[in-house]
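Student: Okay, here's the structure, questions in a sec.
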Amino acid sequence: MHLLYMIFIDPFVQMGSAPDLLAQTLWEGLVGGMLYALIALGFVLIFKASGVFNFAQGIMVVFAALTFVGLNDVGLNAFLALGLTIVVMFGLAFAIERSVLRPLVNQPDIILFMATFGITYFLIGFGEFVFGGDPKVMETENLFLPKGSVTYHTLGGIVQLQKLDVAAVIVASVMVAGLAVFFSKTRIGRALRAVADSHSAALSVGISLEQIWVIVWFAAGLVALVTGIFWGARSDVSFALEIIALKALPVLILGGFTSIPGAIVGGLIIGVGEKLGEFYWGPLVGGGTDAWFAYVIALVFLLFRPQGLFGERIIERV
Amino acid sequence: MFYREAGQFKTDYASDQAVFPILQDRIGLAIIFVIALAIPLADNDFLTNAVMIPFLIFTLAAIGLNLLTGYTGLLSLGTGAFMGVGAYACYKLTSIFPNVNIIIWIITSGFFAAAVGAIFGLPSLRIKGFYLAIATLAAQFFLEWCFTHIPWLYNYNNSAAIEVPQRELFGIIVTGPRATPETRYYIVLAIVVVMTWLASNLVHGRIGRMWMAVRDMDIAAELMGIRLLPTKLLAFAVSSFYCGVAGAMLTFLWYGAAESTVFNINQSFTILFMIIIGGLGSLLGAYLGAALIFILPIILRFVPEKLGLPLHAATVEHVSFMITGVLIIFFLIAEPAGLARLWQVGKQKLRVWPFPY
């Protein structure tokens, strides 16, 4: 009886009695969730256009952030470093298309999935080889990103927002809106949606698959760069970020592999659910639940809706 | 020229259905056995302890995952955790019943892993492909969390790690720090050989055919009268059994002590690499894949030293990472069906050699 009370009643009593803590937890969950959503967005972009489940997205985030920090450390102006990093990400997209995707065209999904593991290994080795393996500090002042925090006295207590998090939310929203416009209004965006629908049909109307792939991987690289900058600013830039990128996978399940809005909503649900679960229910089982909470949400969700929130309905024929 | 089956007639059904129908294959296998038995005689502890024992253990885990992913078509990323279940189960069993033969507990711990695997295999009825892979990630992270947050599993000791106690078998020390590499090697070899033989019989029989039917198309398999849930759960259970035994051996016969980090997500990925590089749906592939993925970094680490290049240890580590990545991509482009397929092609070439057709 006491256990049931602890599980079903007590957390809600806590939420009601301290709404400021609840608001703070919700906000932190939203910010964390938005970063998951950004990583998931990179996955979705590539999966939609090339059908590749890009395991390397997480390491691309780390690699982009490392390149930016590394160039900045050499003494380059922050914006010059940013520009150069964008060039590097384009080069990476081009190289991946040439050396991995093109020779492996028409192979089963799992082979392409495995090839992205190869890319992951290569980028880990290359990143550490060039920039060293030790964690680096992301200096965001050079990019005119605000620092510090603002405090509101509401809800009978204090709610503290990091200015950087607010900036992250704004930049991410702008970027997602920009991508949405790009994909729905421009010629390349339409070509991309055609490729997503059917590779062969797109080829037959004269769309170059190779070109689209480079563009998509480059777009995913840009998303990775933005994610890397904000994530790096919250903690250090190190290869430990890679494991966090795995959190984007349950986000994909919630949102569906092919839906951009799904990635965003899924990310926010996972972020908030994880924080609330850890804060209110975590202590009951000894804490550390955020290591698996997201996956279990996704697992339970899968049992009822296998195609995700916004995914296309799966129809199977013999 | 030498590898040709001309003159080898099959006069009964048994010889027609043999796993190795060609005499040369059987001779080759016998030679490999002799070499495997003779390896400890080389008196090279590094070779026995740091190369052969882990190679065989990873092979067993790769066979386990191959039964699930290669034969049944269910992608799993929870291999590391299932290995962990085996290791922790074996540890608990041998601390509760210290007098029972340790080999029995290593095998029995596989059944615990099988039960856990079957539970986490339940979603496989509704989902497949990458969705299932992510569902098995739930198993991976949840079980890993259990290994650190349930102190009962590691007997409430302060290090939160499992320390392998010393156990004897017929008066010979087989586990613990005082066991010789030779003893451990022979035990690992025996278990891996027997379990490979069992797996071979399994996949060549009715169960294996059911698995392969499900892999090729599960709806079609269902229409043919294969019940999907039992078949898929059986695949999960058998696969986890193999992984569990491999995990128990990894801890008891190689590391000697293990923390939960040994069974983390990277372990799962490593095993998955092995079967994809080696060849999905091939037992030989498990061996070849394990050899390539496990032994390659070891060799890469020694190359600069032998060449006399004065490289920093960290640099060698990074470069070997890069080379591994490049080689994975290279092998996938050269032969997406894996090293086992490469061997098949080579065999065909050998049969007609020296003539082109």
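How things are named: the first chain in the structure tokens is A, the next is B, and so on; residues count from 1 in each chain; ligands count from 1 in the order shown.
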Fewer than 3 positions away in the same chain doesn't count, so skip those; otherwise give me all residues within 8 Å of Leu65 of chain B, counting only C-alpha atoms, as a PyMOL selection string.
Tutor: chain B and resi 61-62+68-70+76+79+239-240+243+271-272+275
Student: Please list as a list in words every residue within 8 Å of segment 92-102 of chain B, counting only C-alpha atoms and excluding residues in the same chain fewer than 3 positions away.
Tutor: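 Surrounding residues, per the criterion: Tyr88, Ala89, Trp105, Ile106, Ser109, Leu153, Tyr154, Asn155, Arg167, Glu168 and Leu169 of chain B.
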Student: Using only C-alpha atoms, determine which residues lie at most 12 Å from Ile96 of chain A, disregarding the query and same-chain residues fewer than 4 positions distant; provide the list as a count of residues only.
Tutor: 30
Student: Within 8 Å of chain B, which residues of chain A are there when counting only C-alpha atoms? Please give them as a ChimeraX atom specification.
Tutor: /A:100,103-104,107,111,114-115,117-126,128-129,249-250,253,286,288-289,291-292,295-296,298-299,302-303,306,317-318
Student: Next, dump the selected residues to file, keeping only N, CA and C atoms, as a compact mmCIF listing (two decimals), in the first residue's frame.
Tutor:
# COMPACT_ATOMS: atom_id res chain seq x y z
N VAL A 100 31.66 5.80 -49.82
CA VAL A 100 30.87 4.79 -49.11
C VAL A 100 29.53 4.54 -49.80
N PRO A 103 29.64 3.23 -53.90
CA PRO A 103 29.95 1.83 -54.17
C PRO A 103 28.93 0.86 -53.56
N LEU A 104 28.18 1.32 -52.56
CA LEU A 104 27.29 0.41 -51.86
C LEU A 104 25.84 0.60 -52.28
N GLN A 107 22.58 -2.02 -51.93
CA GLN A 107 22.83 -3.08 -50.97
C GLN A 107 21.73 -3.08 -49.92
N ILE A 111 23.66 -3.57 -44.50
CA ILE A 111 25.02 -3.37 -44.96
C ILE A 111 25.38 -1.88 -44.90
N MET A 114 25.88 -0.91 -41.38
CA MET A 114 27.20 -1.34 -40.96
C MET A 114 28.28 -0.39 -41.49
N ALA A 115 28.09 0.08 -42.74
CA ALA A 115 29.08 0.98 -43.32
C ALA A 115 29.15 2.28 -42.51
N PHE A 117 28.86 2.40 -39.40
CA PHE A 117 29.73 2.07 -38.26
C PHE A 117 31.19 2.29 -38.64
N GLY A 118 31.51 1.88 -39.88
CA GLY A 118 32.87 2.11 -40.36
C GLY A 118 33.21 3.58 -40.34
N ILE A 119 32.24 4.42 -40.79
CA ILE A 119 32.44 5.87 -40.77
C ILE A 119 32.66 6.34 -39.34
N THR A 120 31.85 5.79 -38.41
CA THR A 120 31.98 6.17 -37.00
C THR A 120 33.39 5.90 -36.50
N TYR A 121 33.86 4.67 -36.75
CA TYR A 121 35.20 4.31 -36.29
C TYR A 121 36.24 5.25 -36.88
N PHE A 122 36.10 5.49 -38.18
CA PHE A 122 37.08 6.33 -38.85
C PHE A 122 37.08 7.73 -38.24
N LEU A 123 35.89 8.28 -38.02
CA LEU A 123 35.81 9.65 -37.50
C LEU A 123 36.33 9.73 -36.07
N ILE A 124 36.07 8.68 -35.27
CA ILE A 124 36.62 8.69 -33.90
C ILE A 124 38.14 8.73 -33.97
N GLY A 125 38.71 7.81 -34.77
CA GLY A 125 40.16 7.76 -34.88
C GLY A 125 40.73 9.05 -35.44
N PHE A 126 40.09 9.55 -36.50
CA PHE A 126 40.59 10.75 -37.17
C PHE A 126 40.48 11.97 -36.24
N GLU A 128 40.38 12.06 -32.97
CA GLU A 128 41.35 12.00 -31.87
C GLU A 128 42.77 12.22 -32.38
N PHE A 129 43.03 11.72 -33.58
CA PHE A 129 44.35 11.85 -34.17
C PHE A 129 44.69 13.32 -34.42
N LEU A 249 17.82 7.58 -30.63
CA LEU A 249 17.14 6.44 -31.24
C LEU A 249 15.72 6.24 -30.71
N PRO A 250 15.50 6.26 -29.38
CA PRO A 250 14.10 6.17 -28.93
C PRO A 250 13.26 7.35 -29.43
N ILE A 253 11.94 6.37 -32.65
CA ILE A 253 10.84 5.41 -32.54
C ILE A 253 9.54 6.14 -32.25
N GLY A 286 16.60 4.07 -6.70
CA GLY A 286 18.03 4.30 -6.50
C GLY A 286 18.68 5.20 -7.53
N GLY A 288 19.58 7.22 -11.33
CA GLY A 288 20.25 6.77 -12.56
C GLY A 288 19.31 6.24 -13.61
N THR A 289 17.99 6.50 -13.44
CA THR A 289 17.04 5.91 -14.37
C THR A 289 17.13 6.52 -15.76
N ALA A 291 19.37 6.58 -17.69
CA ALA A 291 20.14 5.76 -18.62
C ALA A 291 19.23 4.90 -19.48
N TRP A 292 18.07 4.49 -18.94
CA TRP A 292 17.23 3.55 -19.71
C TRP A 292 15.80 4.01 -19.86
N TYR A 295 14.44 4.51 -23.39
CA TYR A 295 14.30 3.29 -24.19
C TYR A 295 13.07 2.51 -23.79
N VAL A 296 12.79 2.52 -22.47
CA VAL A 296 11.62 1.76 -22.02
C VAL A 296 10.34 2.46 -22.48
N ALA A 298 10.07 4.09 -25.20
CA ALA A 298 9.98 3.74 -26.63
C ALA A 298 9.51 2.31 -26.81
N LEU A 299 10.01 1.41 -25.95
CA LEU A 299 9.65 0.00 -26.06
C LEU A 299 8.15 -0.19 -25.84
N LEU A 302 6.21 1.18 -28.73
CA LEU A 302 6.29 0.34 -29.92
C LEU A 302 5.25 -0.77 -29.92
N LEU A 303 4.96 -1.28 -28.71
CA LEU A 303 4.02 -2.39 -28.63
C LEU A 303 2.64 -1.96 -29.12
N PRO A 306 3.57 0.57 -33.73
CA PRO A 306 4.90 0.25 -34.25
C PRO A 306 5.46 1.29 -35.22
N ARG A 317 2.96 -6.96 -47.50
CA ARG A 317 2.34 -7.92 -48.42
C ARG A 317 3.30 -9.07 -48.64
N VAL A 318 2.73 -10.21 -48.91
CA VAL A 318 3.59 -11.37 -49.19
C VAL A 318 4.03 -11.32 -50.66
Student: Using DSSP on the backbone coordinates, identify the residues of segment 102-314 of chain B assigned to strand (DSSP E or B); present them as a list in words.
Tutor: Ile162, Glu163, Arg167, Glu168, Leu169, Ile172, Ile173, Val174, Thr175, Ala257 and Ala258 of chain B
Student: Dump N, CA and C atoms for the selected residues as a PDB file, in the first residue's frame?
Tutor:
ATOM      1  N   ILE B 162      32.497  -8.023 -10.091  1.00  0.00           N
ATOM      2  CA  ILE B 162      32.485  -9.431  -9.690  1.00  0.00           C
ATOM      3  C   ILE B 162      33.898  -9.975  -9.785  1.00  0.00           C
ATOM      4  N   GLU B 163      34.366 -10.540  -8.667  1.00  0.00           N
ATOM      5  CA  GLU B 163      35.692 -11.137  -8.604  1.00  0.00           C
ATOM      6  C   GLU B 163      35.513 -12.640  -8.725  1.00  0.00           C
ATOM      7  N   ARG B 167      38.202 -21.944  -8.338  1.00  0.00           N
ATOM      8  CA  ARG B 167      37.440 -23.187  -8.382  1.00  0.00           C
ATOM      9  C   ARG B 167      38.289 -24.268  -9.025  1.00  0.00           C
ATOM     10  N   GLU B 168      38.100 -25.498  -8.533  1.00  0.00           N
ATOM     11  CA  GLU B 168      38.906 -26.597  -9.055  1.00  0.00           C
ATOM     12  C   GLU B 168      38.021 -27.611  -9.755  1.00  0.00           C
ATOM     13  N   LEU B 169      38.645 -28.327 -10.673  1.00  0.00           N
ATOM     14  CA  LEU B 169      37.943 -29.376 -11.398  1.00  0.00           C
ATOM     15  C   LEU B 169      38.885 -30.565 -11.415  1.00  0.00           C
ATOM     16  N   ILE B 172      42.408 -29.768 -10.538  1.00  0.00           N
ATOM     17  CA  ILE B 172      43.128 -28.760 -11.317  1.00  0.00           C
ATOM     18  C   ILE B 172      42.407 -27.427 -11.148  1.00  0.00           C
ATOM     19  N   ILE B 173      43.179 -26.371 -10.900  1.00  0.00           N
ATOM     20  CA  ILE B 173      42.556 -25.057 -10.735  1.00  0.00           C
ATOM     21  C   ILE B 173      42.133 -24.547 -12.108  1.00  0.00           C
ATOM     22  N   VAL B 174      40.832 -24.243 -12.271  1.00  0.00           N
ATOM     23  CA  VAL B 174      40.383 -23.795 -13.592  1.00  0.00           C
ATOM     24  C   VAL B 174      39.993 -22.317 -13.620  1.00  0.00           C
ATOM     25  N   THR B 175      39.586 -21.752 -12.497  1.00  0.00           N
ATOM     26  CA  THR B 175      39.282 -20.321 -12.515  1.00  0.00           C
ATOM     27  C   THR B 175      40.034 -19.628 -11.391  1.00  0.00           C
ATOM     28  N   ALA B 257      37.826 -10.912 -13.453  1.00  0.00           N
ATOM     29  CA  ALA B 257      36.968 -10.003 -12.703  1.00  0.00           C
ATOM     30  C   ALA B 257      36.305  -9.123 -13.741  1.00  0.00           C
ATOM     31  N   ALA B 258      35.098  -8.652 -13.418  1.00  0.00           N
ATOM     32  CA  ALA B 258      34.420  -7.821 -14.414  1.00  0.00           C
ATOM     33  C   ALA B 258      33.504  -6.821 -13.744  1.00  0.00           C
TER      34      ALA B 258
END
Student: What's the 7 Å shell around Gly262 of chain A, counting only C-alpha atoms, without same-chain residues fewer than 4 positions away, as a PyMOL selection string?
Tutor: chain A and resi 255-256+266+309-310
Student: Could the residues in this selection be written to a file with C-alpha atoms, as a PDB file, in the first residue's frame?
Tutor:
ATOM      1  CA  GLY A 255       8.406  10.165 -33.934  1.00  0.00           C
ATOM      2  CA  GLY A 256       8.777   7.675 -36.743  1.00  0.00           C
ATOM      3  CA  GLY A 266       9.436  12.849 -29.969  1.00  0.00           C
ATOM      4  CA  LEU A 309       3.532   8.966 -33.812  1.00  0.00           C
ATOM      5  CA  PHE A 310       3.766  10.455 -37.288  1.00  0.00           C
TER       6      PHE A 310
END
Student: Show which residues sit within 8 Å of segment 2-14 of chain B, as a list of chain:residue names. Count only C-alpha atoms, and ignore same-chain residues fewer than 4 positions away.
Tutor: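 Listed by chain and then number, they are B:Ala18, B:Ile22, B:Leu23, B:Gln24, B:Leu350, B:Arg351, B:Val352.
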Student: Considering only C-alpha atoms, state which residue in the set B:Val245, B:Leu233, B:Leu284, B:Leu292 is at the smallest distance from Ile119 of chain B.
Tutor: B:Leu233
Student: Which parts of segment 69-312 of chain B does DSSP call alpha helix (DSSP H) when run on the backbone here, written out as number ranges by chain?
Tutor: B: 79-96, 102-121, 130-149, 181-204, 206-216, 218-223, 228-249, 265-278, 283-290, 296-307
Student: For the residues in the current selection, export C-alpha atoms as a compact mmCIF listing (two decimals), in the first residue's frame.
Tutor:
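Dumped to again-v2.txt:
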# COMPACT_ATOMS: atom_id res chain seq x y z
CA THR B 79 24.21 -8.86 -26.94
CA GLY B 80 26.50 -7.24 -24.37
CA ALA B 81 23.76 -7.20 -21.75
CA PHE B 82 22.83 -10.84 -22.38
CA MET B 83 26.48 -11.75 -21.96
CA GLY B 84 26.38 -9.81 -18.71
CA VAL B 85 23.35 -11.79 -17.51
CA GLY B 86 25.35 -14.97 -18.06
CA ALA B 87 28.35 -13.62 -16.17
CA TYR B 88 26.36 -12.35 -13.19
CA ALA B 89 24.20 -15.49 -13.06
CA CYS B 90 27.31 -17.67 -13.02
CA TYR B 91 28.83 -15.52 -10.28
CA LYS B 92 25.73 -15.74 -8.09
CA LEU B 93 25.37 -19.49 -8.65
CA THR B 94 28.94 -20.27 -7.77
CA SER B 95 28.84 -18.07 -4.67
CA ILE B 96 25.63 -19.73 -3.43
CA ILE B 102 32.09 -24.63 -12.23
CA ILE B 103 31.62 -25.89 -15.80
CA ILE B 104 28.06 -26.87 -14.92
CA TRP B 105 27.40 -23.37 -13.62
CA ILE B 106 28.90 -21.75 -16.73
CA ILE B 107 26.52 -23.77 -18.88
CA THR B 108 23.57 -23.27 -16.53
CA SER B 109 24.07 -19.50 -16.49
CA GLY B 110 23.22 -19.65 -20.20
CA PHE B 111 19.67 -20.65 -19.25
CA PHE B 112 19.26 -17.51 -17.15
CA ALA B 113 20.39 -15.42 -20.10
CA ALA B 114 17.99 -17.38 -22.31
CA ALA B 115 15.05 -16.56 -20.04
CA VAL B 116 15.94 -12.86 -19.95
CA GLY B 117 16.49 -12.86 -23.71
CA ALA B 118 13.10 -14.43 -24.34
CA ILE B 119 11.39 -11.74 -22.25
CA PHE B 120 13.07 -8.94 -24.19
CA GLY B 121 12.34 -10.81 -27.41
CA PHE B 130 15.80 -1.12 -36.88
CA TYR B 131 12.76 -0.70 -34.64
CA LEU B 132 13.54 -4.03 -33.03
CA ALA B 133 17.20 -3.06 -32.75
CA ILE B 134 16.19 -0.01 -30.74
CA ALA B 135 13.83 -2.09 -28.61
CA THR B 136 16.76 -4.35 -27.74
CA LEU B 137 18.71 -1.24 -26.77
CA ALA B 138 16.16 -0.94 -23.96
CA ALA B 139 17.31 -4.37 -22.78
CA GLN B 140 20.93 -3.28 -23.06
CA PHE B 141 20.61 -0.12 -20.98
CA PHE B 142 18.11 -1.51 -18.48
CA LEU B 143 20.19 -4.61 -17.72
CA GLU B 144 23.39 -2.56 -17.52
CA TRP B 145 21.65 -0.34 -14.98
CA CYS B 146 20.59 -3.43 -13.00
CA PHE B 147 24.21 -4.65 -12.87
CA THR B 148 25.25 -1.47 -11.05
CA HIS B 149 22.13 -0.66 -9.04
CA PRO B 181 46.25 -20.11 -19.40
CA GLU B 182 46.60 -23.63 -20.86
CA THR B 183 43.89 -25.09 -18.63
CA ARG B 184 41.54 -22.21 -19.37
CA TYR B 185 42.27 -22.44 -23.07
CA TYR B 186 41.39 -26.13 -23.26
CA ILE B 187 38.14 -25.61 -21.36
CA VAL B 188 37.14 -22.69 -23.60
CA LEU B 189 38.09 -24.67 -26.69
CA ALA B 190 36.03 -27.68 -25.59
CA ILE B 191 32.93 -25.62 -24.80
CA VAL B 192 33.15 -23.58 -28.01
CA VAL B 193 33.67 -26.64 -30.20
CA VAL B 194 30.79 -28.55 -28.64
CA MET B 195 28.46 -25.56 -28.85
CA THR B 196 29.44 -24.86 -32.46
CA TRP B 197 28.62 -28.48 -33.27
CA LEU B 198 25.24 -28.09 -31.56
CA ALA B 199 24.54 -24.86 -33.42
CA SER B 200 25.46 -26.50 -36.69
CA ASN B 201 23.00 -29.31 -36.05
CA LEU B 202 20.36 -26.82 -35.00
CA VAL B 203 20.59 -24.69 -38.14
CA HIS B 204 20.74 -27.68 -40.47
CA ARG B 206 13.94 -28.34 -38.76
CA ILE B 207 14.40 -25.48 -36.30
CA GLY B 208 17.04 -23.82 -38.46
CA ARG B 209 14.78 -24.05 -41.49
CA MET B 210 11.94 -22.48 -39.54
CA TRP B 211 14.25 -19.63 -38.54
CA MET B 212 15.39 -19.07 -42.08
CA ALA B 213 11.81 -19.09 -43.36
CA VAL B 214 10.97 -16.40 -40.82
CA ARG B 215 14.04 -14.42 -41.86
CA ASP B 216 13.20 -14.50 -45.53
CA ASP B 218 7.79 -13.78 -41.75
CA ILE B 219 4.28 -13.37 -43.14
CA ALA B 220 4.93 -16.01 -45.78
CA ALA B 221 6.41 -18.27 -43.12
CA GLU B 222 3.28 -17.82 -41.01
CA LEU B 223 1.09 -18.76 -43.97
CA LEU B 228 5.86 -16.90 -35.36
CA LEU B 229 5.89 -16.19 -31.64
CA PRO B 230 7.40 -19.51 -30.50
CA THR B 231 9.89 -19.48 -33.37
CA LYS B 232 11.10 -15.95 -32.74
CA LEU B 233 11.22 -16.43 -28.97
CA LEU B 234 13.14 -19.68 -29.43
CA ALA B 235 15.65 -17.80 -31.56
CA PHE B 236 16.00 -15.15 -28.86
CA ALA B 237 16.35 -17.79 -26.15
CA VAL B 238 18.95 -19.91 -27.97
CA SER B 239 20.88 -16.83 -29.05
CA SER B 240 20.90 -15.45 -25.52
CA PHE B 241 21.93 -18.86 -24.19
CA TYR B 242 25.04 -18.75 -26.37
CA CYS B 243 25.73 -15.13 -25.41
CA GLY B 244 25.21 -15.93 -21.74
CA VAL B 245 27.68 -18.80 -21.81
CA ALA B 246 30.13 -16.58 -23.69
CA GLY B 247 29.69 -13.86 -21.06
CA ALA B 248 30.25 -16.30 -18.21
CA MET B 249 33.39 -17.60 -19.91
CA ILE B 265 26.78 -1.11 -25.62
CA ASN B 266 30.19 -1.17 -27.32
CA GLN B 267 30.45 -4.88 -26.59
CA SER B 268 27.13 -5.39 -28.38
CA PHE B 269 28.36 -3.39 -31.37
CA THR B 270 31.63 -5.31 -31.51
CA ILE B 271 29.80 -8.63 -31.71
CA LEU B 272 27.49 -7.21 -34.37
CA PHE B 273 30.52 -6.08 -36.42
CA MET B 274 31.90 -9.59 -36.22
CA ILE B 275 28.87 -11.25 -37.71
CA ILE B 276 28.32 -8.65 -40.43
CA ILE B 277 31.96 -8.67 -41.51
CA GLY B 278 32.14 -12.44 -41.16
CA LEU B 283 28.81 -20.27 -38.58
CA LEU B 284 32.15 -20.06 -40.36
CA GLY B 285 31.45 -16.34 -40.68
CA ALA B 286 31.30 -16.01 -36.90
CA TYR B 287 34.82 -17.44 -36.65
CA LEU B 288 36.21 -15.33 -39.49
CA GLY B 289 34.51 -12.15 -38.26
CA ALA B 290 35.71 -12.64 -34.70
CA LEU B 296 43.20 -7.03 -36.39
CA PRO B 297 43.63 -4.26 -33.75
CA ILE B 298 46.18 -6.42 -31.93
CA ILE B 299 48.21 -6.82 -35.10
CA LEU B 300 47.86 -3.14 -35.96
CA ARG B 301 49.24 -2.28 -32.55
CA PHE B 302 52.36 -4.32 -33.20
CA VAL B 303 53.08 -3.23 -36.77
CA PRO B 304 54.71 0.18 -36.05
CA GLU B 305 56.85 -1.36 -33.32
CA LYS B 306 58.13 -4.07 -35.65
CA LEU B 307 58.77 -1.52 -38.40
Student: If I take atom CA of Leu179 of chain A and atom CA of Glu28 of chain A, how far is one from the other in Å, to one decimal?
Tutor: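 Taking atom CA of Leu179 of chain A and atom CA of Glu28 of chain A, their separation equals 24.9 Å.
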